[in-house]
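Report on one structure; see the data block that follows.
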Amino acid sequence: MKTRSIYKLNNRIRNYICLFVGIFIASSLLAAVLFFWSLASEAKEKAETWTNYFTDRMLFLESAATSQTTFEHGLVSVLKISPAGKILDSHPFPAEIKSIRGSDLYTDISRLHPGDTRILKAPVPGENTLERIYLVKRMDSCFILAEIPYATLLPSGPQKLALCIRTLSGDCIYKSQKRCSLHKTNISGLSFSGMHAFAAARTGTEEFGGLTVTVAQDISVEFYSGILLITLTLSCLAIFIKRSAYLTWDLANNEKDFEKIGELMGRVSENPAKNMNSLSAIEYKAEKIRSVDWQAEADSMAFTENKDYIIATASFARNILILLDNMSEHSRELSRSRKRYMDLVQLARSIILRMDREGNCTFFNEYAQSFFGFTEKEMLGNNIVGTIIPKTERGDSELEKLIDYLLKYPENMPTSTNLNIRKDGSSAWIFWTNTPVFDNQGRLTEVLSVGIDVTEQKQAEEELEKTRNYIRDIIDSMPSVIIGLNASGRITHFNSAALPLAVMSVEMIEGAEVGEAFPDIARYEERIKGAIRTGVAETGIRTEDVLRPGTFQEIIIYPLTGGAGGAVIRIDDITERVRMDEMMIQTEKMMSIGGLAAGMAHEINNPLGGILQGIQNIVRRLSPDLPANIKAADKAGCRMDAIETYMEDRKIFRTLEGITDSGVRAAEIVSGMLEFSRKSDSRKAPGDLRLIMDKAEVLAAQDYDLKKSYDFKSIKITKKYAEDLNMVKCTATEIEQVFLNLLRNSAQAMAEWKEMECIPEVTVEMRNQGRMVICSVSDNGPGMNEKTCKRIFEPFYTTKAPGSGTGLGLSVSYFIITSNHLGKFQVRSTPGQGTAFTITLPALLMSGTAIQPKG
């Protein structure tokens, strides 16, 4: 046996002890680092898992809110808000307020840009402790505001973790039921509170304006167990070192103990093969520790210290073994979770695909394969343009441009609806939700797209839009004014005929009060409300000047009976109907008066003839030229010259002339009454109204009665004749009588109007209108009021001074036009603005062509 010095042996023992202590401390530190690294990794993984789960939950609620689906997803209400803060729509219940402008919530959401999505927390009005959580989506022209109950923010929360979700502003929008006593707002890594140790991790997401998710797991048992183990180990080491100083005499046995211990530690710490995965390596280590009979090893030690060391190492190894088993179990659970996740992705009833920055497909789930008909092998590595999106030669189609823009700026297109193509060539509308995927350096690597088949919904929307447009075209094509109201009296729709009546812009009419948009209908609001309330239509409402001055309208209010409440207002122009009614009344009046006039004319004609004949006999028998008169005077003893002188002195001759004039005038009245009461038997022939009017003008200029008042030639006559004026079948003398009567009346009216300042003018206009010829005679005289216009065609009605007219001129003219020539005779006049008479006669047509005047 080789002799060794005690000093060297002790030094060597110390060196061995130092080496052993160094190795033990290193292994302990390595185990501690591995232990805490596993806890941190587990906390980080759970934080990322809950972050992804919360992000997916919010994206799902965002999709539900923007698509206005049913509220089986936990949403309390969804509001549609204009940029000005006005609530445009709310469901499932009507909003209690009309606007949120002025509130802190409006201040927060007004900063959003189109496409932005935020999660906001706002206090409940009137409550000091309650707060509400809102999901806000900024659209192009409005905000979508969805209220999320705190209880359903996460349908399933963590059971053994403390979970806290905060916004970038520090507002806590979710906190799990398990409360930890940490005082820090944001914690991460290893933290302490009181006597507890926590392994915490914090992750963030840029979605919804940025969120921070913090997960804290109580590891007090593991931490203090490790500290206790390290303490015990260090104690054992101290005892071992102290005892080794007294055992140098038994170096051989001590060396053997150390050799056994070295062999044991080498066997336990043997490294696994490099091709093993993490789970296999952990199980390999655990199996090595478990294969050692620690009690037997301890009993084989020659020294108690070595035995205690082995026992302490065994205790440490058991703790390490427990840790390794836990890590192994966690790894298996992670594998199962990954499998469940993959099963969920593969079997979900949604199209899920991923594509890189060039548009090449990197993931294509099973549902997508069955929906599009492409296998995973056909899709992976191939560009989606040319597979599910049709490819063009130039690559400039709208879909290709859309995909190109999506790949460049995915954050600008969170959603889109595209027409995609299946493998069999059939098309389908897909609603896509696009999420960009970034690497650790923040660079875009892929785009995750989740699609839902909305073909039936799209077709239903198109069909609904066609139906709406068709109904709108029907309503707009109606000449009547149509205005629809809801149960509260606000306008829901209107046609194009209603626009001239509105006093506000087209964009503001819908939703306004009917009295605000259409003031002319405001006076009927009570009747509108009554029709909506009772369900009985309001009819028989007639008014004037609603559509335009001088017109008549009929308003009918129909209540809606479909259950939604409301009414439809219809306004029809009945001006022609009113005028026809007036004309029928006038015609019936004329016919009744005509029969009376005929009887009166026959009764008056006989005595009137006797009177005129008697006057003629008196004048004849007073004439000095007849021998019989001279003979009778001589027989009576007087002379004819004396009788004549007496008659002159007593103005008897003048009286007889007055009686004669009155009789002649009465004869003219009787003749006019006869003309008034019967149709003309004159033979009708084609006539040119222009020539007849020119002849009537010449006769008016030669009229003796007109010349007594003023010269007719001083009146300006303006003629507007159509060059292709049609001929009419008429009695020229009767039409001439009508024209002469109109010219005479106009001349007399202008001559008697003392306030006339302008030059007297009569305008004659003749034109064709379909199968009729229109002749209009108008002047700039004093005009007539409405009451006079209604009676102007009545027999014996005149506005002239007594003795200036018979009152039969226009009545006879009326019957000449309407009865003898089957035409129309109308008058339009305004006081101070002149009078216009319009004559409408049937044109004389032959083989579809008008007969033109000769020459």
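Following the order of the structure tokens, chains are lettered A, B, ..., residues in each are numbered from 1, and ligands are numbered from 1.
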Who sits within 7 Å of Ile717 (chain A), only C-alpha atoms, same chain under 3 positions skipped, as a PyMOL selection string: chain A and resi 761-763
All strand (DSSP E) positions in region 206-414 of chain A, as a list in words: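 Those residues are Leu211, Thr212, Val213, Thr214, Val215, Ala216, Gln217, Asp218, Ile351, Ile352, Leu353, Arg354, Met355, Asp356, Cys361, Thr362, Phe363 and Phe364 of chain A.
Neighbours of Ile715 (chain A) closer than or equal to 9 Å, with only C-alpha atoms counted and sequence neighbours fewer than 3 positions away skipped, come out as Asp711, Phe712, Ala747, Ile759, Pro760, Glu761 and Val762 of chain A.
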Find the distance between CA of Asn606 (chain A) and CA of Tyr814 (chain A) and write it in Å to one decimal. 27.3 Å
Go through region 249-311 of chain A and flag each residue having an atom no more than 12 Å from region 19-23 of chain A; for those, report the closest pair of atoms plus their distance in Å to one decimal, using only C-alpha atoms, ordered by chain and rising number, as a tab-separated table.
residue	atom	partner	partner_atom	distance
A:Phe258	CA	A:Phe20	CA	9.4
A:Glu259	CA	A:Phe20	CA	11.5
A:Ile261	CA	A:Phe20	CA	10.0
A:Gly262	CA	A:Phe20	CA	9.0
A:Met265	CA	A:Ile23	CA	10.3
A:Gly266	CA	A:Ile23	CA	11.4
A:Ser269	CA	A:Ile23	CA	11.3
A:Tyr309	CA	A:Phe20	CA	11.6
Next, write the just-selected residues to a file, as a compact mmCIF listing (two decimals), in the first residue's frame, keeping all heavy atoms as the atom set.
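Result written to out.txt:
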# COMPACT_ATOMS: atom_id res chain seq x y z
N PHE A 258 -16.79 7.55 -0.64
CA PHE A 258 -16.88 8.58 -1.68
C PHE A 258 -16.92 7.97 -3.08
O PHE A 258 -17.58 8.50 -3.98
CB PHE A 258 -15.72 9.56 -1.55
CG PHE A 258 -15.95 10.61 -0.53
CD1 PHE A 258 -15.24 10.60 0.66
CD2 PHE A 258 -16.88 11.61 -0.73
CE1 PHE A 258 -15.45 11.56 1.62
CE2 PHE A 258 -17.08 12.57 0.23
CZ PHE A 258 -16.38 12.57 1.42
N GLU A 259 -16.24 6.89 -3.25
CA GLU A 259 -16.30 6.22 -4.55
C GLU A 259 -17.72 5.72 -4.84
O GLU A 259 -18.23 5.83 -5.95
CB GLU A 259 -15.31 5.06 -4.56
CG GLU A 259 -13.86 5.49 -4.62
CD GLU A 259 -12.90 4.31 -4.56
OE1 GLU A 259 -13.42 3.16 -4.42
OE2 GLU A 259 -11.70 4.51 -4.69
N ILE A 261 -20.34 6.91 -3.45
CA ILE A 261 -21.19 8.09 -3.67
C ILE A 261 -20.96 8.65 -5.08
O ILE A 261 -21.90 9.03 -5.80
CB ILE A 261 -20.88 9.15 -2.60
CG1 ILE A 261 -21.35 8.67 -1.23
CG2 ILE A 261 -21.55 10.47 -2.95
CD1 ILE A 261 -20.94 9.57 -0.08
N GLY A 262 -19.73 8.71 -5.53
CA GLY A 262 -19.44 9.19 -6.88
C GLY A 262 -20.09 8.34 -7.94
O GLY A 262 -20.65 8.84 -8.93
N MET A 265 -23.85 9.00 -7.77
CA MET A 265 -24.19 10.29 -8.36
C MET A 265 -23.99 10.28 -9.88
O MET A 265 -24.74 10.87 -10.62
CB MET A 265 -23.36 11.40 -7.72
CG MET A 265 -23.63 11.59 -6.23
SD MET A 265 -25.37 11.91 -5.86
CE MET A 265 -25.60 13.44 -6.71
N GLY A 266 -22.96 9.58 -10.33
CA GLY A 266 -22.76 9.48 -11.77
C GLY A 266 -23.87 8.74 -12.45
O GLY A 266 -24.30 9.10 -13.57
N SER A 269 -26.99 11.03 -12.33
CA SER A 269 -26.90 12.24 -13.16
C SER A 269 -26.52 11.94 -14.60
O SER A 269 -26.09 12.83 -15.33
CB SER A 269 -25.88 13.21 -12.54
OG SER A 269 -24.60 12.59 -12.47
N TYR A 309 -25.56 11.70 4.44
CA TYR A 309 -25.49 12.39 3.14
C TYR A 309 -26.33 11.68 2.09
O TYR A 309 -27.05 12.30 1.31
CB TYR A 309 -24.03 12.49 2.72
CG TYR A 309 -23.86 13.03 1.32
CD1 TYR A 309 -24.00 14.40 1.05
CD2 TYR A 309 -23.56 12.17 0.26
CE1 TYR A 309 -23.85 14.88 -0.23
CE2 TYR A 309 -23.42 12.65 -1.02
CZ TYR A 309 -23.57 14.01 -1.26
OH TYR A 309 -23.44 14.48 -2.54
